[in-house]
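S.K.: Contents of upload_38.cif (mmCIF, C-alpha atoms and all ligand atoms) are below:
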```cif
data_final
loop_
_atom_site.group_PDB
_atom_site.id
_atom_site.type_symbol
_atom_site.label_atom_id
_atom_site.label_comp_id
_atom_site.auth_asym_id
_atom_site.auth_seq_id
_atom_site.Cartn_x
_atom_site.Cartn_y
_atom_site.Cartn_z
ATOM 1 C CA MET W 1 71.425 43.028 -69.276
ATOM 2 C CA ILE W 2 67.715 42.735 -68.645
ATOM 3 C CA PHE W 3 66.508 45.026 -65.877
ATOM 4 C CA ASN W 4 64.455 43.471 -63.075
ATOM 5 C CA GLY W 5 62.023 46.183 -61.975
ATOM 6 C CA ASN W 6 60.280 44.097 -59.338
ATOM 7 C CA GLN W 7 63.537 43.334 -57.583
ATOM 8 C CA LEU W 8 64.836 46.922 -57.466
ATOM 9 C CA ALA W 9 61.397 48.314 -56.548
ATOM 10 C CA ASN W 10 61.117 45.847 -53.653
ATOM 11 C CA SER W 11 64.540 46.698 -52.319
ATOM 12 C CA ILE W 12 63.816 50.466 -52.467
ATOM 13 C CA LEU W 13 60.402 49.916 -50.863
ATOM 14 C CA GLN W 14 62.107 48.199 -47.912
ATOM 15 C CA THR W 15 64.082 51.384 -47.254
ATOM 16 C CA LEU W 16 60.844 53.402 -47.224
ATOM 17 C CA ARG W 17 59.018 51.233 -44.651
ATOM 18 C CA VAL W 18 57.342 53.371 -42.016
ATOM 19 C CA THR W 19 58.013 52.215 -38.466
ATOM 20 C CA SER W 20 56.579 55.116 -36.463
ATOM 21 C CA LYS W 21 53.280 54.820 -34.640
ATOM 22 C CA ILE W 22 51.763 57.737 -36.542
ATOM 23 C CA LYS W 23 51.778 56.976 -40.249
ATOM 24 C CA PRO W 24 51.287 58.983 -43.430
ATOM 25 C CA LYS W 25 47.953 58.593 -45.126
ATOM 26 C CA LEU W 26 47.344 58.469 -48.876
ATOM 27 C CA GLY W 27 43.938 59.296 -50.394
ATOM 28 C CA ILE W 28 43.171 57.979 -53.882
ATOM 29 C CA CYS W 29 40.246 59.163 -56.031
ATOM 30 C CA LEU W 30 39.175 56.773 -58.761
ATOM 31 C CA VAL W 31 36.459 57.718 -61.264
ATOM 32 C CA GLY W 32 34.592 54.921 -63.048
ATOM 33 C CA ASP W 33 35.499 51.265 -63.158
ATOM 34 C CA SER W 34 38.017 50.816 -65.955
ATOM 35 C CA PRO W 35 39.831 47.510 -65.285
ATOM 36 C CA ALA W 36 43.221 49.063 -66.137
ATOM 37 C CA SER W 37 42.764 51.974 -63.699
ATOM 38 C CA LYS W 38 41.486 49.610 -61.014
ATOM 39 C CA SER W 39 44.506 47.399 -61.451
ATOM 40 C CA TYR W 40 46.911 50.381 -61.126
ATOM 41 C CA VAL W 41 45.072 51.583 -58.032
ATOM 42 C CA ASN W 42 45.238 48.111 -56.487
ATOM 43 C CA ARG W 43 48.976 48.025 -57.017
ATOM 44 C CA LYS W 44 49.307 51.387 -55.276
ATOM 45 C CA LEU W 45 47.193 50.172 -52.366
ATOM 46 C CA LYS W 46 49.315 47.036 -52.089
ATOM 47 C CA ALA W 47 52.545 49.068 -52.056
ATOM 48 C CA CYS W 48 51.140 51.237 -49.243
ATOM 49 C CA GLN W 49 50.342 48.128 -47.256
ATOM 50 C CA GLU W 50 53.837 46.745 -47.827
ATOM 51 C CA ILE W 51 55.513 49.806 -46.368
ATOM 52 C CA ASN W 52 52.988 50.348 -43.600
ATOM 53 C CA ILE W 53 51.222 53.402 -44.968
ATOM 54 C CA ASP W 54 47.485 53.955 -44.546
ATOM 55 C CA ALA W 55 45.564 54.373 -47.785
ATOM 56 C CA GLU W 56 41.961 55.198 -48.478
ATOM 57 C CA LEU W 57 40.206 54.747 -51.822
ATOM 58 C CA PHE W 58 37.266 56.904 -52.944
ATOM 59 C CA ASN W 59 35.515 55.393 -55.952
ATOM 60 C CA PHE W 60 33.250 57.794 -57.884
ATOM 61 C CA SER W 61 30.803 56.859 -60.613
ATOM 62 C CA GLU W 62 31.795 57.412 -64.241
ATOM 63 C CA ASN W 63 29.430 60.409 -64.527
ATOM 64 C CA VAL W 64 30.418 62.229 -61.328
ATOM 65 C CA GLU W 65 30.167 65.999 -61.734
ATOM 66 C CA GLN W 66 33.309 68.081 -61.747
ATOM 67 C CA ASP W 67 32.181 70.272 -58.812
ATOM 68 C CA GLN W 68 31.351 67.271 -56.697
ATOM 69 C CA LEU W 69 34.765 65.709 -57.279
ATOM 70 C CA ILE W 70 36.592 68.980 -56.607
ATOM 71 C CA LYS W 71 34.631 69.570 -53.401
ATOM 72 C CA HIS W 72 35.533 66.100 -52.248
ATOM 73 C CA ILE W 73 39.242 66.613 -53.001
ATOM 74 C CA GLN W 74 39.211 69.914 -51.126
ATOM 75 C CA SER W 75 37.716 68.209 -48.084
ATOM 76 C CA MET W 76 40.342 65.431 -47.902
ATOM 77 C CA ASN W 77 42.681 65.600 -44.927
ATOM 78 C CA HIS W 78 45.180 63.007 -46.214
ATOM 79 C CA ASP W 79 48.935 63.718 -46.333
ATOM 80 C CA GLY W 80 49.089 62.779 -50.003
ATOM 81 C CA ILE W 81 46.275 62.898 -52.555
ATOM 82 C CA LEU W 82 46.108 61.490 -56.058
ATOM 83 C CA VAL W 83 43.477 61.251 -58.759
ATOM 84 C CA GLN W 84 43.889 58.183 -60.947
ATOM 85 C CA LEU W 85 44.211 59.122 -64.635
ATOM 86 C CA PRO W 86 42.827 59.027 -67.254
ATOM 87 C CA LEU W 87 39.559 60.771 -66.346
ATOM 88 C CA PRO W 88 36.325 60.666 -68.381
ATOM 89 C CA LEU W 89 36.203 63.377 -71.046
ATOM 90 C CA HIS W 90 33.504 65.477 -69.328
ATOM 91 C CA LEU W 91 35.971 66.230 -66.499
ATOM 92 C CA ASN W 92 38.680 68.866 -66.833
ATOM 93 C CA LYS W 93 41.849 67.001 -65.868
ATOM 94 C CA LEU W 94 43.894 70.127 -65.165
ATOM 95 C CA ASP W 95 41.252 71.796 -62.990
ATOM 96 C CA ILE W 96 40.948 68.609 -60.989
ATOM 97 C CA ILE W 97 44.699 68.164 -60.536
ATOM 98 C CA HIS W 98 44.963 71.803 -59.465
ATOM 99 C CA SER W 99 42.293 71.357 -56.812
ATOM 100 C CA ILE W 100 44.804 69.167 -54.927
ATOM 101 C CA PRO W 101 46.865 71.352 -52.566
ATOM 102 C CA TYR W 102 50.314 71.296 -54.192
ATOM 103 C CA GLU W 103 52.046 70.143 -51.032
ATOM 104 C CA LYS W 104 49.852 66.993 -51.094
ATOM 105 C CA ASP W 105 50.253 66.363 -54.832
ATOM 106 C CA VAL W 106 51.950 62.993 -54.545
ATOM 107 C CA ASP W 107 51.915 62.371 -58.332
ATOM 108 C CA CYS W 108 53.749 65.687 -58.728
ATOM 109 C CA LEU W 109 51.538 66.940 -61.556
ATOM 110 C CA HIS W 110 50.399 70.271 -60.094
ATOM 111 C CA MET W 111 51.806 73.205 -62.087
ATOM 112 C CA HIS W 112 53.410 74.642 -58.964
ATOM 113 C CA ASN W 113 55.500 71.489 -58.495
ATOM 114 C CA LEU W 114 56.268 70.959 -62.175
ATOM 115 C CA GLN W 115 57.303 74.577 -62.575
ATOM 116 C CA ARG W 116 59.664 74.434 -59.619
ATOM 117 C CA ILE W 117 61.350 71.322 -60.909
ATOM 118 C CA LEU W 118 61.213 71.553 -64.675
ATOM 119 C CA VAL W 119 61.298 75.273 -65.349
ATOM 120 C CA TYR W 120 63.323 76.668 -62.469
ATOM 121 C CA GLY W 121 65.452 73.551 -61.983
ATOM 122 C CA GLU W 122 64.966 73.464 -58.239
ATOM 123 C CA LEU W 123 66.231 70.331 -56.508
ATOM 124 C CA CYS W 124 63.038 69.022 -55.090
ATOM 125 C CA GLU W 125 61.709 66.337 -52.751
ATOM 126 C CA MET W 126 59.146 65.320 -55.354
ATOM 127 C CA LEU W 127 59.365 64.234 -58.969
ATOM 128 C CA PRO W 128 56.701 63.035 -61.409
ATOM 129 C CA CYS W 129 56.641 59.266 -60.825
ATOM 130 C CA THR W 130 57.314 57.703 -64.237
ATOM 131 C CA PRO W 131 60.133 60.106 -65.181
ATOM 132 C CA ALA W 132 61.584 59.536 -61.696
ATOM 133 C CA ALA W 133 61.422 55.774 -62.297
ATOM 134 C CA VAL W 134 63.427 56.156 -65.516
ATOM 135 C CA LEU W 135 66.089 58.291 -63.793
ATOM 136 C CA GLN W 136 66.267 55.754 -60.974
ATOM 137 C CA ILE W 137 66.909 52.931 -63.457
ATOM 138 C CA LEU W 138 69.707 54.951 -65.114
ATOM 139 C CA ASP W 139 71.206 55.594 -61.667
ATOM 140 C CA TYR W 140 70.961 51.928 -60.738
ATOM 141 C CA TYR W 141 73.283 51.126 -63.641
ATOM 142 C CA ASP W 142 75.417 54.202 -62.967
ATOM 143 C CA VAL W 143 74.707 55.561 -66.433
ATOM 144 C CA ASN W 144 76.238 58.983 -66.931
ATOM 145 C CA VAL W 145 74.025 60.886 -69.374
ATOM 146 C CA ILE W 146 76.158 64.030 -69.604
ATOM 147 C CA GLY W 147 76.619 64.831 -73.288
ATOM 148 C CA LYS W 148 74.953 61.570 -74.373
ATOM 149 C CA LYS W 149 72.409 61.467 -77.174
ATOM 150 C CA VAL W 150 69.069 60.510 -75.688
ATOM 151 C CA THR W 151 65.994 59.980 -77.853
ATOM 152 C CA VAL W 152 62.710 60.255 -75.974
ATOM 153 C CA ILE W 153 59.684 58.998 -77.912
ATOM 154 C CA GLY W 154 56.489 60.714 -76.722
ATOM 155 C CA ARG W 155 55.938 64.196 -75.312
ATOM 156 C CA SER W 156 52.986 63.620 -73.007
ATOM 157 C CA PHE W 157 52.359 65.687 -69.921
ATOM 158 C CA LEU W 158 52.737 62.555 -67.760
ATOM 159 C CA VAL W 159 55.933 61.092 -69.179
ATOM 160 C CA GLY W 160 57.685 62.348 -72.326
ATOM 161 C CA LEU W 161 57.636 66.077 -71.662
ATOM 162 C CA PRO W 162 58.822 66.086 -68.020
ATOM 163 C CA LEU W 163 61.326 63.318 -68.740
ATOM 164 C CA SER W 164 62.916 65.181 -71.639
ATOM 165 C CA LEU W 165 63.315 68.279 -69.442
ATOM 166 C CA LEU W 166 64.781 66.303 -66.536
ATOM 167 C CA LEU W 167 67.300 64.696 -68.871
ATOM 168 C CA GLN W 168 68.307 68.123 -70.165
ATOM 169 C CA LYS W 169 68.769 69.131 -66.575
ATOM 170 C CA ARG W 170 71.190 66.226 -66.297
ATOM 171 C CA ASN W 171 73.039 67.683 -69.290
ATOM 172 C CA ALA W 172 72.057 65.063 -71.842
ATOM 173 C CA THR W 173 71.451 66.067 -75.461
ATOM 174 C CA VAL W 174 67.797 65.214 -75.879
ATOM 175 C CA THR W 175 65.787 64.579 -79.033
ATOM 176 C CA VAL W 176 62.047 64.427 -78.493
ATOM 177 C CA CYS W 177 60.024 62.430 -81.027
ATOM 178 C CA HIS W 178 56.258 62.292 -81.374
ATOM 179 C CA ARG W 179 53.426 61.264 -83.655
ATOM 180 C CA GLU W 180 54.499 63.686 -86.430
ATOM 181 C CA THR W 181 58.231 62.958 -86.304
ATOM 182 C CA LEU W 182 59.693 62.032 -89.685
ATOM 183 C CA ASN W 183 62.333 59.314 -89.874
ATOM 184 C CA LEU W 184 61.741 58.054 -86.344
ATOM 185 C CA ASP W 185 63.979 55.027 -86.968
ATOM 186 C CA GLN W 186 66.889 57.349 -87.723
ATOM 187 C CA HIS W 187 66.457 59.191 -84.421
ATOM 188 C CA ILE W 188 66.311 55.851 -82.638
ATOM 189 C CA MET W 189 69.416 54.465 -84.373
ATOM 190 C CA ASN W 190 71.348 57.636 -83.622
ATOM 191 C CA ALA W 191 70.753 57.468 -79.857
ATOM 192 C CA ASP W 192 72.982 56.211 -77.063
ATOM 193 C CA ILE W 193 69.869 55.929 -74.914
ATOM 194 C CA VAL W 194 66.341 55.309 -76.226
ATOM 195 C CA ILE W 195 63.353 55.919 -73.968
ATOM 196 C CA SER W 196 60.022 55.060 -75.513
ATOM 197 C CA ALA W 197 56.745 56.278 -74.020
ATOM 198 C CA ALA W 198 54.329 56.206 -76.947
ATOM 199 C CA GLY W 199 52.051 53.255 -76.178
ATOM 200 C CA HIS W 200 52.631 51.735 -79.591
ATOM 201 C CA PRO W 201 53.801 48.074 -79.846
ATOM 202 C CA LYS W 202 56.922 47.347 -81.893
ATOM 203 C CA LEU W 203 57.664 51.031 -82.456
ATOM 204 C CA VAL W 204 61.314 50.443 -81.550
ATOM 205 C CA ARG W 205 62.536 47.632 -83.774
ATOM 206 C CA ASN W 206 66.277 48.259 -83.956
ATOM 207 C CA VAL W 207 68.753 50.276 -81.906
ATOM 208 C CA LYS W 208 72.441 51.093 -82.148
ATOM 209 C CA GLN W 209 74.601 48.212 -80.880
ATOM 210 C CA GLY W 210 75.161 48.716 -77.148
ATOM 211 C CA ALA W 211 72.415 51.324 -76.680
ATOM 212 C CA ILE W 212 70.451 51.547 -73.456
ATOM 213 C CA VAL W 213 66.727 50.977 -74.004
ATOM 214 C CA ILE W 214 64.038 51.937 -71.519
ATOM 215 C CA ASP W 215 60.517 50.899 -72.428
ATOM 216 C CA VAL W 216 57.798 52.976 -70.776
ATOM 217 C CA GLY W 217 55.063 51.976 -73.244
ATOM 218 C CA ILE W 218 52.028 50.001 -72.180
ATOM 219 C CA SER W 219 49.592 48.514 -74.689
ATOM 220 C CA GLN W 220 47.293 45.536 -74.895
ATOM 221 C CA GLY W 221 49.156 42.592 -76.439
ATOM 222 C CA GLU W 222 47.759 40.270 -79.103
ATOM 223 C CA GLN W 223 46.975 37.718 -76.403
ATOM 224 C CA LYS W 224 44.086 38.853 -74.212
ATOM 225 C CA GLY W 225 45.096 40.219 -70.830
ATOM 226 C CA ARG W 226 48.766 40.530 -71.816
ATOM 227 C CA ILE W 227 50.451 43.917 -71.795
ATOM 228 C CA VAL W 228 53.336 44.813 -74.070
ATOM 229 C CA GLY W 229 55.729 47.736 -74.356
ATOM 230 C CA ASP W 230 56.854 49.835 -77.338
ATOM 231 C CA VAL W 231 60.003 47.821 -77.963
ATOM 232 C CA ASP W 232 60.306 44.657 -80.030
ATOM 233 C CA PHE W 233 61.958 43.005 -77.063
ATOM 234 C CA ASN W 234 63.147 39.746 -78.617
ATOM 235 C CA VAL W 235 65.083 41.551 -81.345
ATOM 236 C CA VAL W 236 66.277 44.626 -79.457
ATOM 237 C CA LYS W 237 67.527 42.653 -76.431
ATOM 238 C CA ASN W 238 70.308 41.304 -78.650
ATOM 239 C CA GLN W 239 71.433 44.823 -79.620
ATOM 240 C CA ALA W 240 71.037 46.727 -76.351
ATOM 241 C CA SER W 241 73.525 46.764 -73.487
ATOM 242 C CA ILE W 242 70.704 47.353 -70.997
ATOM 243 C CA ILE W 243 66.984 46.870 -71.669
ATOM 244 C CA THR W 244 63.868 47.078 -69.518
ATOM 245 C CA PRO W 245 61.076 44.534 -70.091
ATOM 246 C CA VAL W 246 57.303 45.097 -70.059
ATOM 247 C CA PRO W 247 55.839 44.049 -67.700
ATOM 248 C CA GLY W 248 58.298 44.021 -64.805
ATOM 249 C CA GLY W 249 60.479 46.983 -65.804
ATOM 250 C CA VAL W 250 59.482 50.627 -65.419
ATOM 251 C CA GLY W 251 55.985 49.817 -64.027
ATOM 252 C CA PRO W 252 56.939 48.591 -60.545
ATOM 253 C CA MET W 253 59.536 51.377 -60.281
ATOM 254 C CA THR W 254 56.845 54.003 -60.972
ATOM 255 C CA ILE W 255 54.807 52.828 -57.994
ATOM 256 C CA CYS W 256 57.931 52.802 -55.887
ATOM 257 C CA MET W 257 58.603 56.463 -56.815
ATOM 258 C CA LEU W 258 55.036 57.342 -55.811
ATOM 259 C CA MET W 259 55.743 55.855 -52.393
ATOM 260 C CA ARG W 260 58.962 57.828 -52.181
ATOM 261 C CA ASN W 261 57.114 61.084 -52.950
ATOM 262 C CA LEU W 262 54.605 60.280 -50.233
ATOM 263 C CA CYS W 263 57.323 59.451 -47.693
ATOM 264 C CA ASN W 264 59.069 62.720 -48.594
ATOM 265 C CA ILE W 265 55.875 64.732 -48.090
ATOM 266 C CA TRP W 266 55.577 63.075 -44.694
ATOM 267 C CA LYS W 267 59.214 63.590 -43.734
ATOM 268 C CA LYS W 268 59.068 67.240 -44.757
ATOM 269 C CA LYS W 269 56.014 67.695 -42.547
ATOM 270 C CA GLN W 270 57.913 66.102 -39.638
ATOM 271 C CA GLY W 271 60.977 68.294 -40.233
ATOM 272 C CA GLN W 272 63.092 65.249 -41.174
ATOM 273 C CA PRO W 273 65.601 65.157 -44.050
ATOM 274 C CA VAL W 274 64.027 64.120 -47.335
ATOM 275 C CA TYR W 275 65.461 62.013 -50.169
ATOM 276 C CA ILE W 276 66.560 64.233 -53.037
ATOM 277 C CA ASN W 277 67.798 62.790 -56.309
ATOM 278 C CA PRO W 278 71.483 63.684 -56.104
ATOM 279 C CA LYS W 279 72.302 63.673 -59.801
ATOM 280 C CA LEU W 280 70.207 66.576 -61.027
ATOM 281 C CA SER W 281 72.804 69.002 -62.203
ATOM 282 C CA ASP W 282 73.274 72.517 -60.819
ATOM 283 C CA ALA W 283 74.489 73.577 -64.265
ATOM 284 C CA TYR W 284 70.901 73.855 -65.405
ATOM 285 C CA LEU W 285 70.256 76.651 -62.941
ATOM 286 C CA ASN W 286 72.686 78.847 -64.854
ATOM 287 C CA ASP W 287 71.204 78.201 -68.304
HETATM 288 P P1 LIG W 301 51.575 58.631 -71.897
HETATM 289 O O1 LIG W 301 50.804 59.589 -71.048
HETATM 290 O O2 LIG W 301 51.620 57.245 -71.352
HETATM 291 O O3 LIG W 301 52.948 59.132 -72.234
HETATM 292 P P2 LIG W 301 49.996 59.437 -74.268
HETATM 293 O O4 LIG W 301 49.085 58.547 -75.073
HETATM 294 O O5 LIG W 301 49.419 60.594 -73.527
HETATM 295 O O6 LIG W 301 50.801 58.432 -73.303
HETATM 296 O O7 LIG W 301 51.110 60.036 -75.216
HETATM 297 C C1 LIG W 301 51.694 59.297 -76.224
HETATM 298 C C2 LIG W 301 52.824 60.087 -76.853
HETATM 299 O O8 LIG W 301 53.467 59.257 -77.800
HETATM 300 C C3 LIG W 301 52.381 61.343 -77.601
HETATM 301 O O9 LIG W 301 53.257 62.406 -77.301
HETATM 302 C C4 LIG W 301 52.497 60.958 -79.084
HETATM 303 O O10 LIG W 301 52.872 62.049 -79.912
HETATM 304 C C5 LIG W 301 53.584 59.893 -79.054
HETATM 305 N N1 LIG W 301 53.368 58.878 -80.095
HETATM 306 C C6 LIG W 301 52.266 58.127 -80.290
HETATM 307 N N2 LIG W 301 52.409 57.320 -81.368
HETATM 308 C C7 LIG W 301 53.633 57.588 -81.874
HETATM 309 C C8 LIG W 301 54.376 57.096 -82.988
HETATM 310 N N3 LIG W 301 53.868 56.177 -83.810
HETATM 311 N N4 LIG W 301 55.610 57.595 -83.202
HETATM 312 C C9 LIG W 301 56.145 58.514 -82.369
HETATM 313 N N5 LIG W 301 55.493 59.016 -81.301
HETATM 314 C C10 LIG W 301 54.257 58.568 -81.060
#
```
Please lay out the structure from this file as structure tokens.
Ligand code: ADP

M.R.:
Amino acid sequence: MIFNGNQLANSILQTLRVTSKIKPKLGICLVGDSPASKSYVNRKLKACQEINIDAELFNFSENVEQDQLIKHIQSMNHDGILVQLPLPLHLNKLDIIHSIPYEKDVDCLHMHNLQRILVYGELCEMLPCTPAAVLQILDYYDVNVIGKKVTVIGRSFLVGLPLSLLLQKRNATVTVCHRETLNLDQHIMNADIVISAAGHPKLVRNVKQGAIVIDVGISQGEQKGRIVGDVDFNVVKNQASIITPVPGGVGPMTICMLMRNLCNIWKKKQGQPVYINPKLSDAYLND
């Protein structure tokens, strides 16, 4: 089965459409003019428009000073705030993320939010967007991860690390692989579920027959302007029971999860019930 991320994202987005007269407002800070970052930001703006959310973009020059950016963030009165990553090297990413009030941290990257969710195992109205997208895809297919062997490739702050902790919270047995992992192919072949977030084309060339394969990787393809994932799709699609393509798999779902975080921030503010991922296990709280 080949997952259709655009279709599922669109159907979830329909459920998030805001119909009230007063609407939530998202503020996006973009530094520089990298085409990739601009394209991600445009997709976020488009999703806001689709579900009737106001969005405002603040575009800073590549050499903006850290203090200036932080002052701007602190002055924003939006319901949700995000800073598009990556940032130029002269800026301290963590200081900038932490200048966003944690209750407005729609990307869910502030240590307060990550700690609540990943360390203390609190069921929470927000989740980091890409890991949330992966969980949502597993839920869509009703995949039960309890006791399953899951290999996560990549341990980044944005994807691999939070995802591996969330999967542990769902009681999966998680192996985390990274740049220095020896015998990567063995860890891949051993897994019931392979999730690759390394940004390295054709890293996953073979999987166990019937494995579930989720491709979070994004790299420039050989053809200009084409993006590719980490998985050798044409080979692995014949081995996997479920596989996500790039593009059109995890990507659209990630934006959809961003919108869900924003709607939850808004609902919480209004005293309305928020969406909480129901399958995060309570067992984790006792570990
Ligand atoms: P992202 O934020 O999209 O996850 P990063 O570039 O920050 O991407 O992180 C990439 C991750 O993938 C790192 O944790 C790195 O160790 C891992 N990685 C990169 N190349 C390989 C590889 N060849 N084999 C296994 N892991 C890799």

S.K.: Which residue out of W:Asn183, W:Ser20, W:Ser99, W:Asn59 has the minimum interatomic distance to ligand LIG 301 (chain W) when all atoms listed in the file are used?

M.R.: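 Among W:Asn183, W:Ser20, W:Ser99, W:Asn59, it is W:Asn183 that comes nearest to ligand LIG 301 (chain W).
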
S.K.: Quick one: what's the axis-aligned box for ligand LIG 301 (chain W), all listed atoms, 4 Å on every side, centre and edges in Å to one decimal, as AutoDock Vina command-line options?

M.R.:
```
--center_x 52.6 --center_y 59.3 --center_z -77.4 --size_x 15.1 --size_y 14.2 --size_z 20.8
```

S.K.: Of the residues W:Asp67, W:Tyr275, W:Ser75, W:Leu8, which is the one nearest to His90 in chain W, using all atoms listed in the file?

M.R.: W:Asp67

S.K.: How would you report the residues lying within 12 Å of ligand LIG 301 (chain W), as number ranges by chain, if you count all atoms listed in the file?

M.R.: W: 85-86, 128-131, 151-164, 175-185, 187-188, 195-204, 215-219, 229-231, 250-251

S.K.: What's the 9 Å shell around Val41 in chain W, counting all atoms listed in the file, without same-chain residues fewer than 5 positions away, as a list in words?

M.R.: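 The neighbour list is Ile28, Leu30, Ala36, Lys46, Leu57 and Gln84 of chain W.
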
S.K.: Can you spell out as a PyMOL selection string the set of residues that the PyMOL selection byres (((chain W and resi 145) around 7) and not hetatm) selects in the structure I just provided?

M.R.: chain W and resi 143-144+146-148+170-172

S.K.: Apply the PyMOL selection byres (((chain W and resi 208) around 12) and not hetatm) to the structure shown and report the selected residues as a ChimeraX atom specification.

M.R.: /W:149-151,185-194,204-207,209-213,236-242

S.K.: Smallest atom-to-atom distance to Ile100 in chain W: which of W:Met76, W:Met126, W:Leu16, W:Val64, using only C-alpha atoms?

M.R.: W:Met76

S.K.: Report as a ChimeraX atom specification all protein, DNA and RNA residues lying within 10 Å of Ile276 in chain W, evaluated on only C-alpha atoms, omitting residues in the same chain fewer than 6 positions from it.

M.R.: /W:123-127,260-261,264

S.K.: Got a sec: who's within 12 Å of Thr19 in chain W, counting all atoms listed in the file, leaving out chain neighbours fewer than 5 positions off, as a count of residues only?

M.R.: 7

S.K.: Expanded to explicit residues, what is the PyMOL selection byres (((chain W and resi 111) around 12) and not hetatm) for this file, as a count of residues only?

M.R.: 26

S.K.: Given the choices W:Lys169, W:Ile81, W:Met253, W:Ile137, which gets closest to Glu122 in chain W if the distance is worked out from all atoms listed in the file?

M.R.: W:Lys169

S.K.: Please measure the separation of CA of Ala133 in chain W and CA of Thr254 in chain W, giving the value in Å to one decimal.

M.R.: 5.1 Å

S.K.: For Trp266 in chain W, which residue out of W:Asn6, W:Ile70, W:Asp79, W:Ser39 is the nearest one, using all atoms listed in the file?

M.R.: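 Going through W:Asn6, W:Ile70, W:Asp79, W:Ser39 one by one, the smallest distance to Trp266 in chain W is for W:Asp79.
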